[in-house]
$ cat final-v4.csv   # CSV, C-alpha atoms
chain,number,residue,atom,x,y,z
A,17,MET,CA,-83.8,-22.3,31.3
A,18,THR,CA,-83.4,-21.8,35.0
A,19,ALA,CA,-80.0,-21.8,36.8
A,20,LEU,CA,-81.1,-25.0,38.6
A,21,THR,CA,-81.9,-26.7,35.3
A,22,ARG,CA,-78.5,-25.6,33.8
A,23,ALA,CA,-76.7,-27.0,36.8
A,24,ARG,CA,-78.5,-30.3,36.7
A,25,ASP,CA,-77.8,-30.6,32.9
A,26,ALA,CA,-74.1,-29.9,33.5
A,27,VAL,CA,-73.9,-32.6,36.2
A,28,GLU,CA,-75.7,-35.1,33.9
A,29,ARG,CA,-73.3,-34.3,31.0
A,30,ARG,CA,-70.3,-34.6,33.3
A,31,LEU,CA,-71.4,-38.0,34.6
A,32,LEU,CA,-72.0,-39.3,31.1
A,33,THR,CA,-68.6,-38.1,29.8
A,34,THR,CA,-66.8,-39.5,32.9
A,35,VAL,CA,-68.4,-42.9,32.7
A,36,LEU,CA,-68.0,-43.3,29.0
A,37,GLY,CA,-64.4,-42.1,29.3
A,38,LEU,CA,-63.5,-44.9,31.7
A,39,PRO,CA,-61.0,-47.6,30.6
A,40,GLU,CA,-62.5,-50.3,28.5
A,41,GLY,CA,-62.1,-53.0,31.1
A,42,LEU,CA,-64.0,-51.0,33.7
A,43,GLN,CA,-66.7,-50.1,31.2
A,44,ARG,CA,-67.1,-53.8,30.4
A,45,ARG,CA,-67.7,-54.6,34.1
A,46,LEU,CA,-70.3,-51.8,34.3
A,47,ALA,CA,-72.0,-52.6,31.0
A,48,GLY,CA,-72.4,-56.3,31.7
A,49,LYS,CA,-72.0,-59.3,29.4
A,50,PRO,CA,-71.1,-58.5,25.8
A,51,VAL,CA,-74.1,-58.2,23.4
A,52,GLU,CA,-73.4,-60.3,20.3
A,53,LEU,CA,-75.8,-60.4,17.4
A,54,ASP,CA,-75.5,-61.2,13.7
A,55,GLY,CA,-71.8,-61.9,14.0
A,56,ASP,CA,-70.9,-58.6,15.7
A,57,THR,CA,-70.4,-57.3,19.3
A,58,LEU,CA,-72.0,-54.1,20.5
A,59,ALA,CA,-69.4,-51.4,21.4
A,60,THR,CA,-68.8,-51.4,25.1
A,61,ASP,CA,-69.2,-47.7,25.6
A,62,LEU,CA,-72.5,-47.7,23.7
A,63,GLN,CA,-73.8,-50.7,25.6
A,64,LEU,CA,-73.0,-48.9,28.8
A,65,MET,CA,-74.7,-45.7,27.5
A,66,LEU,CA,-77.9,-47.8,26.7
A,67,ARG,CA,-77.7,-49.3,30.2
A,68,LEU,CA,-77.5,-45.9,31.9
A,69,LYS,CA,-80.4,-44.7,29.8
A,70,LYS,CA,-82.5,-47.7,30.9
A,71,ALA,CA,-81.5,-47.2,34.5
A,72,ALA,CA,-82.6,-43.6,34.5
A,73,ARG,CA,-86.1,-44.8,33.7
A,74,LEU,CA,-86.8,-41.8,31.5
A,75,PRO,CA,-89.8,-42.1,29.2
A,76,ALA,CA,-88.9,-43.0,25.6
A,77,VAL,CA,-89.1,-40.1,23.2
A,78,GLU,CA,-91.6,-41.9,21.0
A,79,THR,CA,-94.1,-42.2,23.9
A,80,LEU,CA,-94.2,-38.5,24.7
A,81,PRO,CA,-96.5,-35.7,23.3
A,82,ILE,CA,-94.9,-34.0,20.3
A,83,ASP,CA,-93.7,-30.9,22.1
A,84,LYS,CA,-92.2,-33.0,24.9
A,85,ALA,CA,-90.7,-35.4,22.5
A,86,ARG,CA,-88.9,-32.6,20.7
A,87,ALA,CA,-87.6,-31.1,24.0
A,88,ALA,CA,-86.4,-34.6,25.2
A,89,THR,CA,-84.6,-35.1,21.8
A,90,ARG,CA,-82.8,-31.8,22.2
A,91,HIS,CA,-81.8,-32.6,25.8
A,92,GLU,CA,-80.4,-36.0,24.9
A,93,ALA,CA,-78.5,-34.6,22.0
A,94,ALA,CA,-77.0,-31.8,24.1
A,95,GLN,CA,-75.9,-34.4,26.7
A,96,ALA,CA,-74.1,-36.6,24.2
A,97,GLY,CA,-72.8,-33.8,21.9
A,98,GLY,CA,-70.4,-32.1,24.3
A,99,ASP,CA,-68.8,-28.7,23.6
A,100,GLN,CA,-67.4,-28.8,20.0
A,101,PRO,CA,-65.3,-25.9,18.8
A,102,ILE,CA,-66.1,-24.0,15.6
A,103,GLY,CA,-64.6,-21.0,13.9
A,104,GLU,CA,-67.8,-19.1,13.4
A,105,LEU,CA,-71.6,-19.6,13.5
A,106,ARG,CA,-74.2,-17.6,11.6
A,107,ASP,CA,-77.9,-18.1,12.0
A,108,LEU,CA,-79.8,-17.2,8.9
A,109,THR,CA,-82.7,-18.2,6.7
A,110,ALA,CA,-82.4,-20.3,3.6
A,111,ALA,CA,-85.5,-20.3,1.2
A,112,GLY,CA,-87.4,-19.0,4.2
A,113,LEU,CA,-86.3,-21.9,6.5
A,114,PRO,CA,-84.2,-21.6,9.7
A,115,ALA,CA,-80.6,-22.4,8.9
A,116,ARG,CA,-77.2,-22.3,10.6
A,117,LEU,CA,-73.9,-21.8,8.8
A,118,TYR,CA,-70.8,-23.4,10.4
A,119,VAL,CA,-67.5,-21.8,9.2
A,120,PRO,CA,-64.4,-23.7,10.1
A,121,THR,CA,-61.4,-22.1,11.7
A,122,SER,CA,-59.3,-23.0,8.7
A,123,SER,CA,-61.6,-21.2,6.3
A,124,ALA,CA,-60.0,-18.9,3.7
A,125,GLY,CA,-63.1,-18.5,1.6
A,126,ASP,CA,-64.1,-14.9,2.5
A,127,ALA,CA,-60.4,-13.7,2.3
A,128,THR,CA,-59.6,-15.3,-1.0
A,129,GLY,CA,-62.9,-14.8,-2.7
A,130,GLY,CA,-62.7,-18.3,-4.1
A,131,GLY,CA,-65.0,-19.8,-1.6
A,132,ASP,CA,-64.9,-22.9,0.6
A,133,PRO,CA,-66.5,-26.3,-0.1
A,134,LEU,CA,-70.0,-26.4,1.5
A,135,LEU,CA,-72.1,-29.3,2.7
A,136,VAL,CA,-75.9,-28.7,2.9
A,137,PHE,CA,-77.0,-30.8,5.9
A,138,PHE,CA,-80.5,-32.1,6.8
A,139,HIS,CA,-80.9,-33.4,10.4
A,140,GLY,CA,-82.5,-36.7,11.4
A,141,GLY,CA,-85.4,-37.3,13.8
A,142,GLY,CA,-88.0,-39.3,12.0
A,143,PHE,CA,-89.5,-36.3,10.3
A,144,PHE,CA,-91.1,-35.2,13.6
A,145,VAL,CA,-88.4,-34.5,16.1
A,146,GLY,CA,-84.9,-33.0,15.6
A,147,ASP,CA,-83.8,-29.4,14.7
A,148,LEU,CA,-80.8,-27.2,14.3
A,149,GLU,CA,-79.9,-27.7,18.0
A,150,THR,CA,-80.1,-31.6,18.0
A,151,HIS,CA,-77.4,-31.8,15.3
A,152,ASP,CA,-75.3,-28.8,16.3
A,153,ALA,CA,-72.4,-30.8,17.8
A,154,PRO,CA,-71.8,-33.2,14.8
A,155,CYS,CA,-72.1,-30.2,12.3
A,156,ARG,CA,-69.5,-28.4,14.3
A,157,LEU,CA,-67.2,-31.4,14.3
A,158,ILE,CA,-67.6,-32.0,10.5
A,159,ALA,CA,-67.0,-28.4,9.6
A,160,GLU,CA,-63.9,-28.1,11.7
A,161,ARG,CA,-62.3,-31.5,10.9
A,162,ALA,CA,-63.2,-31.5,7.2
A,163,GLY,CA,-62.4,-27.8,6.7
A,164,VAL,CA,-65.7,-27.2,4.9
A,165,ARG,CA,-68.6,-24.9,5.5
A,166,VAL,CA,-71.7,-26.7,6.7
A,167,LEU,CA,-75.2,-25.2,6.3
A,168,SER,CA,-77.7,-27.0,8.5
A,169,VAL,CA,-81.2,-26.5,7.4
A,170,GLU,CA,-84.4,-27.0,9.5
A,171,TYR,CA,-87.4,-28.2,7.5
A,172,HIS,CA,-91.1,-28.5,8.2
A,173,GLN,CA,-92.1,-31.7,10.0
A,174,GLY,CA,-95.1,-33.8,10.8
A,175,PRO,CA,-97.6,-34.0,12.1
A,176,GLU,CA,-98.2,-30.3,11.5
A,177,HIS,CA,-96.7,-30.6,8.0
A,178,PRO,CA,-97.0,-34.1,6.5
A,179,PHE,CA,-95.3,-35.6,3.4
A,180,PRO,CA,-94.0,-34.1,1.1
A,181,ALA,CA,-93.4,-31.0,3.1
A,182,ALA,CA,-89.9,-31.9,4.3
A,183,HIS,CA,-88.9,-33.1,0.8
A,184,ASP,CA,-90.2,-29.9,-0.9
A,185,ASP,CA,-88.3,-27.9,1.7
A,186,ALA,CA,-85.1,-29.8,1.0
A,187,GLU,CA,-85.4,-29.1,-2.8
A,188,ARG,CA,-86.1,-25.4,-2.2
A,189,ALA,CA,-83.2,-25.1,0.2
A,190,TYR,CA,-80.7,-26.7,-2.1
A,191,HIS,CA,-81.8,-24.4,-5.0
A,192,TRP,CA,-81.4,-21.4,-2.7
A,193,VAL,CA,-77.9,-22.5,-1.6
A,194,VAL,CA,-76.7,-22.9,-5.2
A,195,ASP,CA,-78.1,-19.4,-6.0
A,196,HIS,CA,-76.6,-17.8,-2.9
A,197,ALA,CA,-73.3,-19.8,-2.7
A,198,ARG,CA,-71.1,-16.7,-3.0
A,199,GLU,CA,-73.0,-15.0,-0.2
A,200,LEU,CA,-72.3,-18.0,2.0
A,201,GLY,CA,-68.6,-17.9,1.3
A,202,ALA,CA,-68.9,-21.1,-0.7
A,203,ASP,CA,-67.5,-22.3,-4.0
A,204,PRO,CA,-70.6,-23.0,-6.2
A,205,GLU,CA,-68.8,-26.0,-7.8
A,206,ARG,CA,-67.9,-27.6,-4.5
A,207,ILE,CA,-71.3,-28.1,-2.9
A,208,GLY,CA,-72.6,-31.4,-1.5
A,209,VAL,CA,-75.6,-32.6,0.4
A,210,GLY,CA,-75.8,-34.8,3.5
A,211,GLY,CA,-77.9,-36.0,6.4
A,212,ASP,CA,-78.5,-38.7,8.9
A,213,SER,CA,-81.5,-41.1,9.1
A,214,ALA,CA,-84.6,-39.1,8.0
A,215,GLY,CA,-82.2,-36.4,6.9
A,216,GLY,CA,-80.2,-39.0,5.0
A,217,ASN,CA,-83.4,-39.8,3.1
A,218,LEU,CA,-83.8,-36.0,2.3
A,219,ALA,CA,-80.2,-35.9,1.2
A,220,ALA,CA,-80.6,-38.9,-1.1
A,221,HIS,CA,-83.7,-37.3,-2.6
A,222,THR,CA,-82.0,-34.0,-3.0
A,223,ALA,CA,-79.0,-35.5,-4.8
A,224,ILE,CA,-81.4,-37.2,-7.2
A,225,HIS,CA,-83.3,-33.9,-7.7
A,226,ALA,CA,-80.0,-32.1,-8.3
A,227,ALA,CA,-79.0,-34.6,-11.0
A,228,ARG,CA,-82.3,-34.3,-12.7
A,229,THR,CA,-82.3,-30.5,-12.7
A,230,GLY,CA,-78.6,-29.9,-13.5
A,231,LEU,CA,-77.7,-28.4,-10.1
A,232,PRO,CA,-74.1,-28.9,-9.0
A,233,CYS,CA,-73.6,-31.6,-6.4
A,234,ARG,CA,-70.2,-32.9,-5.6
A,235,LEU,CA,-71.1,-35.4,-2.9
A,236,GLN,CA,-74.0,-37.1,-1.2
A,237,LEU,CA,-73.3,-37.9,2.5
A,238,LEU,CA,-75.8,-40.6,3.7
A,239,VAL,CA,-75.5,-41.5,7.3
A,240,TYR,CA,-77.6,-44.6,8.1
A,241,PRO,CA,-80.3,-43.3,5.7
A,242,MET,CA,-83.9,-44.4,5.7
A,243,THR,CA,-84.3,-45.5,2.1
A,244,ASP,CA,-87.4,-47.6,2.1
A,245,ALA,CA,-90.5,-46.5,4.0
A,246,ARG,CA,-91.8,-50.1,4.2
A,247,HIS,CA,-88.3,-51.4,5.1
A,248,GLY,CA,-88.4,-54.1,2.5
A,249,ALA,CA,-91.8,-55.5,3.4
A,250,ARG,CA,-93.8,-54.9,0.2
A,251,ASP,CA,-95.5,-57.2,-2.2
A,252,GLY,CA,-95.7,-60.0,0.4
A,253,GLY,CA,-91.9,-59.8,1.1
A,254,GLU,CA,-90.2,-59.9,4.4
A,255,GLU,CA,-88.7,-57.0,6.2
A,256,PHE,CA,-84.9,-56.5,6.0
A,257,LEU,CA,-83.1,-58.8,8.5
A,258,SER,CA,-81.7,-55.8,10.5
A,259,MET,CA,-85.2,-54.5,11.0
A,260,ARG,CA,-86.2,-57.7,12.7
A,261,LEU,CA,-83.0,-58.1,14.7
A,262,PHE,CA,-82.5,-54.6,16.1
A,263,ASP,CA,-85.9,-53.0,16.4
A,264,GLU,CA,-85.8,-52.9,20.2
A,265,GLY,CA,-83.1,-52.2,22.7
A,266,PHE,CA,-80.6,-50.4,20.4
A,267,PHE,CA,-81.9,-46.8,20.6
A,268,LEU,CA,-84.0,-46.7,17.4
A,269,SER,CA,-87.1,-48.8,18.1
A,270,ARG,CA,-89.9,-50.0,16.0
A,271,ILE,CA,-92.3,-47.9,18.1
A,272,PHE,CA,-90.3,-44.8,17.2
A,273,MET,CA,-90.4,-45.7,13.5
A,274,ASP,CA,-94.2,-46.4,13.7
A,275,ARG,CA,-94.7,-43.0,15.4
A,276,ALA,CA,-92.6,-41.3,12.7
A,277,THR,CA,-94.7,-42.8,9.9
A,278,GLU,CA,-97.9,-41.9,11.7
A,279,CYS,CA,-96.7,-38.3,12.1
A,280,TYR,CA,-95.3,-37.7,8.6
A,281,VAL,CA,-97.2,-40.0,6.2
A,282,ALA,CA,-100.9,-39.3,5.9
A,283,ASP,CA,-101.7,-42.1,3.4
A,284,ASP,CA,-100.2,-45.6,3.2
A,285,ALA,CA,-100.0,-45.2,-0.6
A,286,GLN,CA,-97.3,-42.5,0.0
A,287,MET,CA,-95.0,-45.2,1.4
A,288,ASP,CA,-94.3,-46.2,-2.3
A,289,ASP,CA,-93.6,-42.6,-3.4
A,290,PRO,CA,-90.0,-42.6,-4.7
A,291,ARG,CA,-89.3,-39.4,-2.9
A,292,LEU,CA,-89.9,-41.1,0.5
A,293,SER,CA,-88.7,-44.6,-0.6
A,294,VAL,CA,-85.7,-43.7,-2.7
A,295,MET,CA,-85.1,-47.4,-3.2
A,296,LEU,CA,-87.9,-47.1,-5.7
A,297,ALA,CA,-86.6,-44.0,-7.5
A,298,ASP,CA,-85.5,-44.1,-11.2
A,299,LEU,CA,-81.9,-43.0,-10.6
A,300,PRO,CA,-80.8,-40.4,-13.1
A,301,GLU,CA,-77.4,-40.0,-14.9
A,302,GLY,CA,-75.0,-37.7,-13.3
A,303,LEU,CA,-75.8,-38.6,-9.7
A,304,ALA,CA,-73.2,-37.4,-7.2
A,305,PRO,CA,-70.7,-39.8,-5.7
A,306,ALA,CA,-71.9,-41.2,-2.4
A,307,TYR,CA,-70.4,-41.9,1.0
A,308,LEU,CA,-72.9,-44.1,2.6
A,309,CYS,CA,-72.4,-45.5,6.1
A,310,THR,CA,-74.4,-47.7,8.3
A,311,ALA,CA,-74.2,-49.0,11.9
A,312,SER,CA,-74.2,-52.8,12.5
A,313,PHE,CA,-76.8,-52.6,15.4
A,314,ASP,CA,-79.2,-50.4,13.5
A,315,PRO,CA,-82.6,-51.5,12.1
A,316,LEU,CA,-81.9,-49.3,9.1
A,317,ARG,CA,-78.6,-51.0,8.3
A,318,ASP,CA,-79.8,-53.3,5.6
A,319,GLU,CA,-81.9,-50.9,3.6
A,320,GLY,CA,-79.0,-48.4,3.6
A,321,GLU,CA,-76.7,-51.0,2.2
A,322,ALA,CA,-79.3,-52.1,-0.3
A,323,TYR,CA,-79.5,-48.5,-1.5
A,324,ALA,CA,-75.7,-48.5,-1.9
A,325,ASP,CA,-76.1,-51.6,-4.1
A,326,LEU,CA,-78.6,-49.8,-6.3
A,327,LEU,CA,-76.4,-46.7,-6.6
A,328,GLU,CA,-73.5,-48.9,-7.7
A,329,LYS,CA,-75.7,-50.7,-10.3
A,330,ALA,CA,-76.6,-47.3,-11.6
A,331,GLY,CA,-72.9,-46.5,-12.1
A,332,VAL,CA,-72.6,-44.2,-9.1
A,333,THR,CA,-69.3,-44.1,-7.3
A,334,VAL,CA,-70.0,-45.3,-3.8
A,335,THR,CA,-67.8,-45.4,-0.7
A,336,ARG,CA,-69.6,-47.6,1.8
A,337,ARG,CA,-68.8,-48.2,5.4
A,338,ARG,CA,-70.4,-50.3,8.0
A,339,PHE,CA,-69.4,-49.2,11.5
A,340,ASP,CA,-69.2,-52.4,13.5
A,341,GLY,CA,-70.6,-52.4,17.0
A,342,LEU,CA,-72.4,-49.1,16.6
A,343,ILE,CA,-76.1,-48.1,17.0
A,344,HIS,CA,-78.4,-45.7,15.3
A,345,SER,CA,-77.7,-42.1,16.4
A,346,PHE,CA,-74.0,-42.6,17.0
A,347,PHE,CA,-73.7,-39.6,14.8
A,348,ASN,CA,-74.9,-37.4,17.7
A,349,VAL,CA,-72.6,-39.0,20.3
A,350,VAL,CA,-69.5,-36.9,19.6
A,351,GLY,CA,-69.0,-35.6,23.1
A,352,ALA,CA,-68.7,-38.8,25.1
A,353,GLY,CA,-67.1,-42.2,24.8
A,354,ARG,CA,-64.8,-43.3,22.0
A,355,SER,CA,-66.9,-45.1,19.4
A,356,GLY,CA,-69.1,-42.2,18.3
A,357,PRO,CA,-66.4,-39.5,18.1
A,358,ALA,CA,-64.1,-41.9,16.1
A,359,ALA,CA,-66.8,-42.8,13.6
A,360,VAL,CA,-67.9,-39.2,13.0
A,361,ALA,CA,-64.2,-38.1,12.6
A,362,GLU,CA,-63.9,-40.7,9.9
A,363,ILE,CA,-67.1,-39.4,8.3
A,364,ALA,CA,-65.7,-35.9,8.4
A,365,ASP,CA,-62.5,-37.1,6.6
A,366,ALA,CA,-64.7,-38.6,3.9
A,367,VAL,CA,-66.4,-35.2,3.5
A,368,ARG,CA,-63.0,-33.5,3.2
A,369,ALA,CA,-62.0,-36.0,0.5
A,370,GLY,CA,-65.3,-35.6,-1.4
A,371,LEU,CA,-65.5,-31.8,-1.4
A,372,HIS,CA,-62.0,-30.5,-1.4
$ encode --input "final-v4.csv" --output "structure tokens"
Amino acid sequence: MTALTRARDAVERRLLTTVLGLPEGLQRRLAGKPVELDGDTLATDLQLMLRLKKAARLPAVETLPIDKARAATRHEAAQAGGDQPIGELRDLTAAGLPARLYVPTSSAGDATGGGDPLLVFFHGGGFFVGDLETHDAPCRLIAERAGVRVLSVEYHQGPEHPFPAAHDDAERAYHWVVDHARELGADPERIGVGGDSAGGNLAAHTAIHAARTGLPCRLQLLVYPMTDARHGARDGGEEFLSMRLFDEGFFLSRIFMDRATECYVADDAQMDDPRLSVMLADLPEGLAPAYLCTASFDPLRDEGEAYADLLEKAGVTVTRRRFDGLIHSFFNVVGAGRSGPAAVAEIADAVRAGLH
């Protein structure tokens, strides 16, 4: 990265944080008329962010070649993530996969020998974009606020590595973490799994796998997870309402989701595989308690909440939370505005409650 690029990025980030830090009334004037859909109002700061993104006339990630789409995703995440403090970072490999360990400032695991709670985290990005860097900021925030170690794991993605590559990686990584918990400064009995969007799908699958194989899993953190590859439209049925209401104009678009499917799923029949569509899974006994949150202006909202229903019917303890006014990817917006940071802070508090 050149000095000029770094300077430009710094100016862009400062502009975003300044504008999204303005008083609510001034933000409303800049954002325009409130957006109201399905009984809810889009958060003013996120409406303004979407308006700024549109005004910049940058090409949508889903329209770019794979390498440029990944670079653009990293850039957007860096702009919205800000500079989040962390006690310690360690880059390592987990089951042969790139991984990053976040150690909170409050950690006493190494000193006491007892080990800290640890969350194994899988990033979102539609199984074709996203990496350790795109989710660095929220992982830092969760580790510090929850007082837990977070191990973020990068997995193989499409189109180079189609389904079930990412799901196989997630299983292998979780086994590796359980086997190497002490080396990671973690308590083997206080390990959980989490992820957002596509990563939420991987986390849900990994929790199921852990229950079936007897691996310890204290918590499954599912942040607006993709739980149904067909989004409800199977056997002649209609798509989930949220998919029809919010598939354009609220960050996550239908075009992005179609591109994600094209990149990761080689055969339409795989859409009904219970690893990819966990809504179709036979849920085992002993499944970890879940914290499942959705965003009201997210096309994945309804399938996430439908999965929460299934978990509850299977006897799983579920804490569910719909964040009103928020959009898909709020999880990455922790360095600007008020809505995203507040929501992720609440998620971190749930992680603390579930793993400590």
$ closest_residue --input "final-v4.csv" --among "A:Thr150, A:Thr18, A:Thr60, A:Gln173" --to "Asp212 in chain A" --atoms "all atoms listed in the file"
A:Thr150
$ residues_around --input "final-v4.csv" --residues "Val169 in chain A" --least-positions-apart "6" --cutoff "7 Å" --atoms "all atoms listed in the file" --output "VMD selection string"
chain A and resid 113 to 116 137 to 138 148
$ residues_near_point --input "final-v4.csv" --point "(-64.5, -32.9, 11.0)" --cutoff "9 Å" --atoms "only C-alpha atoms" --output "ChimeraX atom specification"
/A:154-164,360-365,367-368
$ write_last_selection --input "final-v4.csv" --atoms "C-alpha atoms" --output "compact mmCIF listing (two decimals), in the coordinates of the input"
# COMPACT_ATOMS: atom_id res chain seq x y z
CA PRO A 154 -71.80 -33.20 14.80
CA CYS A 155 -72.10 -30.20 12.30
CA ARG A 156 -69.50 -28.40 14.30
CA LEU A 157 -67.20 -31.40 14.30
CA ILE A 158 -67.60 -32.00 10.50
CA ALA A 159 -67.00 -28.40 9.60
CA GLU A 160 -63.90 -28.10 11.70
CA ARG A 161 -62.30 -31.50 10.90
CA ALA A 162 -63.20 -31.50 7.20
CA GLY A 163 -62.40 -27.80 6.70
CA VAL A 164 -65.70 -27.20 4.90
CA VAL A 360 -67.90 -39.20 13.00
CA ALA A 361 -64.20 -38.10 12.60
CA GLU A 362 -63.90 -40.70 9.90
CA ILE A 363 -67.10 -39.40 8.30
CA ALA A 364 -65.70 -35.90 8.40
CA ASP A 365 -62.50 -37.10 6.60
CA VAL A 367 -66.40 -35.20 3.50
CA ARG A 368 -63.00 -33.50 3.20
$ residues_around --input "final-v4.csv" --residues "Leu38 in chain A" --least-positions-apart "6" --cutoff "10 Å" --atoms "all atoms listed in the file" --output "list of chain:residue names"
A:Arg44, A:Asp61, A:Gly353, A:Arg354
$ closest_residue --input "final-v4.csv" --among "A:Leu80, A:Ala245, A:Val166, A:Leu108" --to "Leu135 in chain A" --atoms "all atoms listed in the file"
A:Val166
$ atom_distance --input "final-v4.csv" --atom1 "CA of Arg337 in chain A" --atom2 "CA of Ala311 in chain A"
8.5 Å
$ residues_around --input "final-v4.csv" --residues "range 253-269 of chain A" --least-positions-apart "5" --cutoff "12 Å" --atoms "all atoms listed in the file" --output "compact mmCIF listing (two decimals) with C-alpha atoms, in the frame of the given file"
# COMPACT_ATOMS: atom_id res chain seq x y z
CA VAL A 51 -74.10 -58.20 23.40
CA GLU A 52 -73.40 -60.30 20.30
CA LEU A 53 -75.80 -60.40 17.40
CA ASP A 54 -75.50 -61.20 13.70
CA GLY A 55 -71.80 -61.90 14.00
CA LEU A 58 -72.00 -54.10 20.50
CA ALA A 59 -69.40 -51.40 21.40
CA LEU A 62 -72.50 -47.70 23.70
CA GLN A 63 -73.80 -50.70 25.60
CA LEU A 64 -73.00 -48.90 28.80
CA MET A 65 -74.70 -45.70 27.50
CA LEU A 66 -77.90 -47.80 26.70
CA ARG A 67 -77.70 -49.30 30.20
CA LYS A 69 -80.40 -44.70 29.80
CA LYS A 70 -82.50 -47.70 30.90
CA ALA A 76 -88.90 -43.00 25.60
CA VAL A 77 -89.10 -40.10 23.20
CA GLU A 78 -91.60 -41.90 21.00
CA THR A 79 -94.10 -42.20 23.90
CA GLU A 92 -80.40 -36.00 24.90
CA GLY A 140 -82.50 -36.70 11.40
CA GLY A 141 -85.40 -37.30 13.80
CA GLY A 142 -88.00 -39.30 12.00
CA SER A 213 -81.50 -41.10 9.10
CA TYR A 240 -77.60 -44.60 8.10
CA MET A 242 -83.90 -44.40 5.70
CA THR A 243 -84.30 -45.50 2.10
CA ASP A 244 -87.40 -47.60 2.10
CA ALA A 245 -90.50 -46.50 4.00
CA ARG A 246 -91.80 -50.10 4.20
CA HIS A 247 -88.30 -51.40 5.10
CA GLY A 248 -88.40 -54.10 2.50
CA ASP A 274 -94.20 -46.40 13.70
CA ARG A 275 -94.70 -43.00 15.40
CA ALA A 276 -92.60 -41.30 12.70
CA THR A 310 -74.40 -47.70 8.30
CA ALA A 311 -74.20 -49.00 11.90
CA SER A 312 -74.20 -52.80 12.50
CA PHE A 313 -76.80 -52.60 15.40
CA ASP A 314 -79.20 -50.40 13.50
CA PRO A 315 -82.60 -51.50 12.10
CA LEU A 316 -81.90 -49.30 9.10
CA ARG A 317 -78.60 -51.00 8.30
CA ASP A 318 -79.80 -53.30 5.60
CA GLU A 319 -81.90 -50.90 3.60
CA GLY A 320 -79.00 -48.40 3.60
CA GLU A 321 -76.70 -51.00 2.20
CA ALA A 322 -79.30 -52.10 -0.30
CA GLY A 341 -70.60 -52.40 17.00
CA LEU A 342 -72.40 -49.10 16.60
CA ILE A 343 -76.10 -48.10 17.00
CA HIS A 344 -78.40 -45.70 15.30
CA SER A 345 -77.70 -42.10 16.40
CA PHE A 346 -74.00 -42.60 17.00
